>>> print(open('input_15.txt').read())   # compact mmCIF, C-alpha atoms
# COMPACT_ATOMS: atom_id res chain seq x y z
CA MET Y 1 19.94 6.08 29.62
CA ASN Y 2 19.16 9.50 28.34
CA ARG Y 3 16.22 10.71 30.41
CA ASP Y 4 16.85 14.39 30.08
CA PRO Y 5 13.58 16.29 30.49
CA ALA Y 6 14.64 18.22 27.40
CA VAL Y 7 14.09 15.04 25.42
CA ARG Y 8 10.54 14.79 26.62
CA ASP Y 9 9.96 18.45 25.88
CA ALA Y 10 11.34 18.05 22.37
CA MET Y 11 9.06 15.08 21.77
CA LEU Y 12 6.09 17.02 23.06
CA ALA Y 13 6.95 19.97 20.87
CA ALA Y 14 6.94 17.71 17.82
CA VAL Y 15 3.46 16.33 18.51
CA PRO Y 16 1.41 18.93 16.58
CA SER Y 17 3.34 18.42 13.37
CA LEU Y 18 3.52 14.66 13.88
CA ARG Y 19 -0.27 14.66 14.08
CA ALA Y 20 -0.61 16.74 10.94
CA PHE Y 21 1.69 14.36 9.10
CA ALA Y 22 -0.08 11.29 10.47
CA ILE Y 23 -3.48 12.62 9.49
CA SER Y 24 -2.34 13.40 5.99
CA LEU Y 25 -1.00 9.86 5.71
CA SER Y 26 -3.89 7.96 7.22
CA ALA Y 27 -6.82 10.29 6.51
CA ASN Y 28 -8.34 9.18 9.79
CA ILE Y 29 -7.90 11.21 12.91
CA ASP Y 30 -8.25 8.38 15.42
CA ARG Y 31 -5.76 6.22 13.60
CA ALA Y 32 -3.49 9.19 13.24
CA ASP Y 33 -3.46 9.81 16.96
CA ASP Y 34 -2.81 6.14 17.63
CA LEU Y 35 0.06 6.35 15.19
CA VAL Y 36 1.50 9.35 17.00
CA GLN Y 37 1.14 7.59 20.34
CA GLU Y 38 2.93 4.52 19.06
CA THR Y 39 5.63 6.73 17.59
CA LEU Y 40 6.22 8.40 20.95
CA LEU Y 41 6.37 5.04 22.74
CA ARG Y 42 8.83 3.66 20.20
CA ALA Y 43 10.93 6.78 20.36
CA TRP Y 44 11.00 6.73 24.14
CA ALA Y 45 11.96 3.07 24.23
CA ASN Y 46 14.70 3.65 21.69
CA ILE Y 47 15.87 7.03 22.86
CA ASP Y 48 19.41 5.74 23.15
CA SER Y 49 19.57 5.38 19.40
CA PHE Y 50 18.83 9.07 19.00
CA GLU Y 51 21.98 11.07 18.50
CA PRO Y 52 21.86 14.23 20.59
CA GLY Y 53 22.38 17.28 18.47
CA THR Y 54 20.67 15.80 15.44
CA ASN Y 55 17.17 16.65 14.32
CA MET Y 56 14.71 15.16 16.82
CA SER Y 57 11.77 16.05 14.62
CA ALA Y 58 13.18 14.25 11.58
CA TRP Y 59 13.92 11.22 13.75
CA LEU Y 60 10.34 11.10 15.03
CA PHE Y 61 8.92 11.57 11.54
CA THR Y 62 11.04 8.66 10.35
CA ILE Y 63 9.66 6.42 13.08
CA LEU Y 64 6.10 7.48 12.35
CA ARG Y 65 6.49 6.94 8.64
CA ASN Y 66 7.93 3.48 9.12
CA LEU Y 67 5.15 2.53 11.51
CA PHE Y 68 2.56 3.75 9.06
CA ARG Y 69 4.21 1.95 6.17
CA SER Y 70 4.26 -1.38 7.94
CA GLU Y 71 0.67 -0.99 9.06
CA TYR Y 72 -0.44 0.44 5.74
CA ARG Y 73 0.56 -2.68 3.92
CA LYS Y 74 -1.85 -4.61 6.06
CA ARG Y 75 -4.78 -2.28 6.16
CA ARG Y 76 -4.59 -0.01 3.15
CA ARG Y 77 -6.98 2.87 3.47
CA GLU Y 78 -9.93 0.71 4.39
CA VAL Y 79 -10.90 2.96 7.24
CA ALA Y 80 -10.30 6.22 5.49
CA ASP Y 81 -12.41 8.97 6.83
CA SER Y 82 -15.84 7.92 5.59
CA ASP Y 83 -17.68 9.24 8.62
CA GLY Y 84 -16.31 12.73 8.45
CA SER Y 85 -14.45 12.52 11.74
CA TYR Y 86 -11.54 14.36 10.20
CA ALA Y 87 -13.75 17.20 9.06
CA ASP Y 88 -15.41 17.39 12.46
CA SER Y 89 -12.05 17.64 14.10
CA MET Y 90 -11.16 20.75 12.23
CA ARG Y 91 -10.52 23.69 14.41
CA THR Y 92 -11.99 26.21 12.06
CA GLN Y 93 -15.39 26.15 10.50
CA PRO Y 94 -14.81 28.25 7.43
CA GLU Y 95 -17.59 29.68 5.37
CA GLN Y 96 -19.23 27.30 2.98
CA SER Y 97 -17.36 28.34 -0.16
CA SER Y 98 -13.96 28.18 1.46
CA ARG Y 99 -14.88 25.00 3.23
CA VAL Y 100 -15.71 23.40 -0.09
CA GLU Y 101 -12.37 24.42 -1.54
CA PHE Y 102 -10.59 23.17 1.54
CA GLU Y 103 -12.32 19.82 1.20
CA GLU Y 104 -11.63 19.65 -2.52
CA PHE Y 105 -7.98 20.22 -1.90
CA ARG Y 106 -7.89 17.61 0.82
CA GLU Y 107 -9.62 15.08 -1.41
CA ALA Y 108 -7.21 15.79 -4.24
CA LEU Y 109 -4.33 15.33 -1.84
CA ALA Y 110 -5.73 11.97 -0.77
CA LYS Y 111 -5.78 10.80 -4.38
CA LEU Y 112 -2.06 11.23 -4.82
CA PRO Y 113 0.08 8.11 -4.76
CA GLU Y 114 1.44 7.49 -1.28
CA ASP Y 115 5.05 8.24 -2.19
CA GLN Y 116 4.19 11.54 -3.80
CA ARG Y 117 1.87 12.69 -1.05
CA GLU Y 118 4.32 12.12 1.76
CA ALA Y 119 7.15 13.82 -0.16
CA LEU Y 120 4.97 16.81 -0.93
CA ILE Y 121 3.82 17.16 2.67
CA LEU Y 122 7.27 16.77 4.20
CA VAL Y 123 8.80 19.35 1.88
CA GLY Y 124 5.87 21.66 1.36
CA ALA Y 125 4.16 21.67 4.74
CA SER Y 126 6.39 20.14 7.40
CA GLY Y 127 9.25 22.34 6.30
CA PHE Y 128 11.91 19.67 5.90
CA SER Y 129 14.67 20.15 3.38
CA TYR Y 130 14.93 17.80 0.42
CA GLU Y 131 17.87 16.19 2.14
CA GLU Y 132 16.00 15.61 5.39
CA THR Y 133 12.98 14.33 3.48
CA ALA Y 134 15.19 11.91 1.59
CA GLN Y 135 16.51 10.60 4.89
CA ILE Y 136 13.05 10.25 6.37
CA CYS Y 137 11.81 8.37 3.31
CA GLY Y 138 15.00 6.38 2.85
CA CYS Y 139 15.66 7.37 -0.73
CA ALA Y 140 17.73 9.72 -2.87
CA ILE Y 141 17.27 13.48 -2.97
CA GLY Y 142 16.59 13.32 -6.70
CA THR Y 143 13.80 10.85 -6.08
CA ILE Y 144 12.18 13.22 -3.61
CA LYS Y 145 12.43 16.13 -6.02
CA SER Y 146 10.84 14.08 -8.73
CA ARG Y 147 8.02 12.93 -6.45
CA VAL Y 148 7.32 16.46 -5.28
CA ASN Y 149 7.17 17.72 -8.85
CA ARG Y 150 4.87 14.95 -9.94
CA ALA Y 151 2.67 15.52 -6.89
CA ARG Y 152 2.25 19.19 -7.70
CA THR Y 153 1.50 18.50 -11.34
CA ARG Y 154 -1.06 15.88 -10.41
CA LEU Y 155 -2.69 18.15 -7.83
CA ALA Y 156 -3.01 20.91 -10.38
CA GLU Y 157 -4.65 18.44 -12.75
CA LEU Y 158 -7.01 17.10 -10.11
CA LEU Y 159 -8.04 20.58 -9.11
CA SER Y 160 -8.33 21.59 -12.74
CA ILE Y 161 -6.26 24.63 -12.13
CA GLU Y 162 -5.89 26.40 -15.38
CA SER Y 163 -5.43 29.88 -14.13
CA ILE Y 164 -4.55 31.45 -10.88
CA GLU Y 165 -8.13 32.56 -10.30
CA ASP Y 166 -9.33 28.98 -10.44
CA LEU Y 167 -7.74 28.35 -7.11
CA GLY Y 168 -10.36 30.43 -5.46
CA PRO Y 169 -10.52 33.50 -3.32
CA ASP Y 170 -7.16 33.14 -1.76
CA ARG Y 171 -7.45 36.14 0.47
CA GLU Y 172 -10.61 34.75 1.98
CA LEU Y 173 -9.03 31.37 2.47
CA ARG Y 174 -6.01 32.78 4.14
CA ALA Y 175 -8.09 35.00 6.38
CA VAL Y 176 -10.04 31.97 7.50
CA PHE Y 177 -7.04 29.80 8.24
CA SER Y 178 -4.97 32.48 9.84
CA GLY Y 179 -7.59 32.41 12.55
CA GLY Y 180 -8.56 35.99 11.90
CA THR Y 181 -12.24 35.21 11.86
CA GLY Y 182 -13.07 34.38 15.42
CA ARG Y 183 -16.49 32.92 15.64
CA MET Z 1 25.07 15.91 -3.78
CA ARG Z 2 24.30 19.57 -3.78
CA GLU Z 3 20.98 21.10 -4.48
CA ARG Z 4 21.02 23.49 -7.33
CA LYS Z 5 20.78 27.09 -6.33
CA GLN Z 6 17.22 28.25 -6.80
CA PRO Z 7 16.08 31.66 -7.94
CA SER Z 8 15.28 33.78 -4.96
CA GLN Z 9 11.96 33.03 -3.34
CA PRO Z 10 13.01 32.63 0.23
CA ASP Z 11 9.78 31.65 1.89
CA GLU Z 12 8.99 28.68 -0.27
CA ASN Z 13 10.37 25.20 -0.22
CA MET Z 14 7.75 24.63 -2.83
CA SER Z 15 9.09 27.07 -5.32
CA VAL Z 16 11.58 24.83 -7.05
CA THR Z 17 11.45 25.26 -10.77
CA THR Z 18 9.30 22.55 -12.23
CA ARG Z 19 10.11 20.73 -15.38
CA PRO Z 20 7.30 19.36 -17.46
CA VAL Z 21 6.39 15.89 -16.27
CA GLY Z 22 5.03 13.44 -18.78
CA SER Z 23 2.76 15.19 -21.18
CA GLY Z 24 1.46 17.66 -18.61
CA PRO Z 25 2.29 21.30 -18.92
CA ALA Z 26 4.85 22.86 -16.64
CA LEU Z 27 3.24 24.55 -13.69
CA ASN Z 28 3.86 28.18 -13.45
CA ARG Z 29 5.30 29.59 -10.30
CA ASP Z 30 2.09 31.25 -9.16
CA ILE Z 31 0.16 28.01 -9.29
CA GLN Z 32 2.91 26.23 -7.41
CA THR Z 33 2.77 28.90 -4.77
CA LYS Z 34 -1.01 28.58 -4.47
CA ILE Z 35 -0.77 24.83 -4.08
CA GLY Z 36 1.83 25.34 -1.41
CA GLN Z 37 -0.43 27.74 0.45
CA GLN Z 38 -3.40 25.39 0.36
CA LEU Z 39 -1.22 22.51 1.46
CA ARG Z 40 -0.03 24.45 4.46
CA ALA Z 41 -3.58 25.58 5.26
CA VAL Z 42 -4.66 21.94 5.51
CA TYR Z 43 -1.58 21.01 7.51
CA ASP Z 44 -1.51 24.00 9.82
CA ASP Z 45 -5.13 23.51 10.68
CA ILE Z 46 -4.03 20.38 12.54
CA VAL Z 47 -0.79 21.84 13.86
CA ASP Z 48 -2.73 24.71 15.38
CA GLN Z 49 -4.72 22.26 17.48
CA GLY Z 50 -1.63 22.00 19.64
CA VAL Z 51 -0.91 18.99 21.84
CA PRO Z 52 -3.96 16.97 22.89
CA ASP Z 53 -4.07 16.01 26.56
CA ARG Z 54 -3.52 12.33 25.89
CA PHE Z 55 0.02 13.05 24.69
CA VAL Z 56 0.82 15.37 27.55
CA ASP Z 57 -0.33 12.63 29.92
CA LEU Z 58 1.53 9.93 28.06
CA LEU Z 59 4.86 11.71 28.17
CA ARG Z 60 4.38 12.78 31.77
CA ASP Z 61 3.77 9.15 32.73
CA LEU Z 62 6.80 7.94 30.79
CA ASP Z 63 8.90 10.62 32.38
CA ARG Z 64 7.66 9.74 35.83
CA GLU Z 65 8.49 6.09 35.36
CA ALA Z 66 11.96 7.01 34.25
CA PHE Z 67 12.53 9.20 37.27
CA LYS Z 68 11.27 6.59 39.71
CA MET Z 69 14.71 5.09 39.62
CA GLU Z 70 16.20 8.30 40.88
CA PRO Z 71 15.89 9.73 44.39
CA GLY Z 72 13.93 12.94 44.89
CA ASP Z 73 11.10 12.70 42.44
CA LYS Z 74 10.40 16.37 41.83
CA ASP Z 75 7.61 15.71 39.39
CA SER Z 76 4.88 15.20 41.93
CA ALA Z 77 2.12 17.19 40.35
CA GLU Z 78 -1.31 15.60 40.48
>>> encode(input="input_15.txt", output="structure tokens")
Amino acid sequence: MNRDPAVRDAMLAAVPSLRAFAISLSANIDRADDLVQETLLRAWANIDSFEPGTNMSAWLFTILRNLFRSEYRKRRREVADSDGSYADSMRTQPEQSSRVEFEEFREALAKLPEDQREALILVGASGFSYEETAQICGCAIGTIKSRVNRARTRLAELLSIESIEDLGPDRELRAVFSGGTGR
Amino acid sequence: MRERKQPSQPDENMSVTTRPVGSGPALNRDIQTKIGQQLRAVYDDIVDQGVPDRFVDLLRDLDREAFKMEPGDKDSAE
């Protein structure tokens, strides 16, 4: 049995990004945390199937995705964040205008088809390569590229982005989310 | 299968050249970059919350159980 403390530390280190991925999949923070917990339990129980030296993070994301997929089929998004618990959980409380844009983007993201959203997030936010993303999602690299492209096109449509300015005061947004505004 | 070499834009996984999809117009690179930035803002907002206590506790408990089998449990905090 591999019970190296380094394994635990690696799992712990992956938790923040696992949560971000889970929340973007489930749109519900409580469910997302349950999903992360179940992922960690599964991973721990099956640690022997993890090949040392390979990407622990990608392995955990694969488990989480599969758990979500099997549960998703049963529950759909019936408990999507209608009570605003996700919004309340946000660390930052940006100014109203930026907050609105943030929410608009999040809502647009939620409207993407499941396949496209997860591909976009894994590549564009989690920082996985196309190859790693293809492994996590169990499909071909070309499929991932296509999904990411369609996701971006759809997002641009949903947000009615016609020019760069339409995306809002980017400097403000970045200042807010870089944590520069401490209040 | 090799990925095609992309024009230099080192910080962006998102900056792959987009072909037109369906009848929609191709997205220009600036818009792609903006979408990428907003996506990461949403994502990083959660990442920056760090590790909630419940997961620290969970892994500590799992670890402790695992080490019970071994003599000299050094993890005796709390």
>>> atom_distance(input="input_15.txt", atom1="atom CA of Arg19 of chain Y", atom2="atom CA of Val36 of chain Y")
6.3 Å
>>> atom_distance(input="input_15.txt", atom1="atom CA of Ser24 of chain Y", atom2="atom CA of Asp57 of chain Z")
24.0 Å
>>> atom_distance(input="input_15.txt", atom1="atom CA of Phe55 of chain Z", atom2="atom CA of Val15 of chain Y")
7.8 Å
>>> closest_atom_pairs(input="input_15.txt", of="chain Y", to="chain Z", cutoff="6 Å", atoms="only C-alpha atoms", output="Markdown table")
| residue | atom | partner | partner_atom | distance |
| --- | --- | --- | --- | --- |
| Y:Pro16 | CA | Z:Val47 | CA | 4.6 |
| Y:Ser17 | CA | Z:Val47 | CA | 5.4 |
| Y:Ala20 | CA | Z:Ile46 | CA | 5.2 |
| Y:Gly124 | CA | Z:Met14 | CA | 5.5 |
| Y:Ala125 | CA | Z:Arg40 | CA | 5.0 |
>>> closest_residue(input="input_15.txt", among="Y:Glu51, Y:Glu118, Y:Glu104, Y:Glu157", to="Asn66 of chain Y", atoms="all atoms listed in the file")
Y:Glu118
>>> residues_around(input="input_15.txt", residues="Asp115 of chain Y", least_positions_apart="3", cutoff="10 Å", atoms="all atoms listed in the file", output="list in words")
Leu112, Glu118, Ala119, Leu120, Cys137, Thr143, Ile144, Arg147, Val148 and Ala151 of chain Y
>>> closest_residue(input="input_15.txt", among="Y:Gly127, Y:Val7, Y:Ser70, Y:Leu35", to="Phe50 of chain Y", atoms="only C-alpha atoms")
Y:Val7
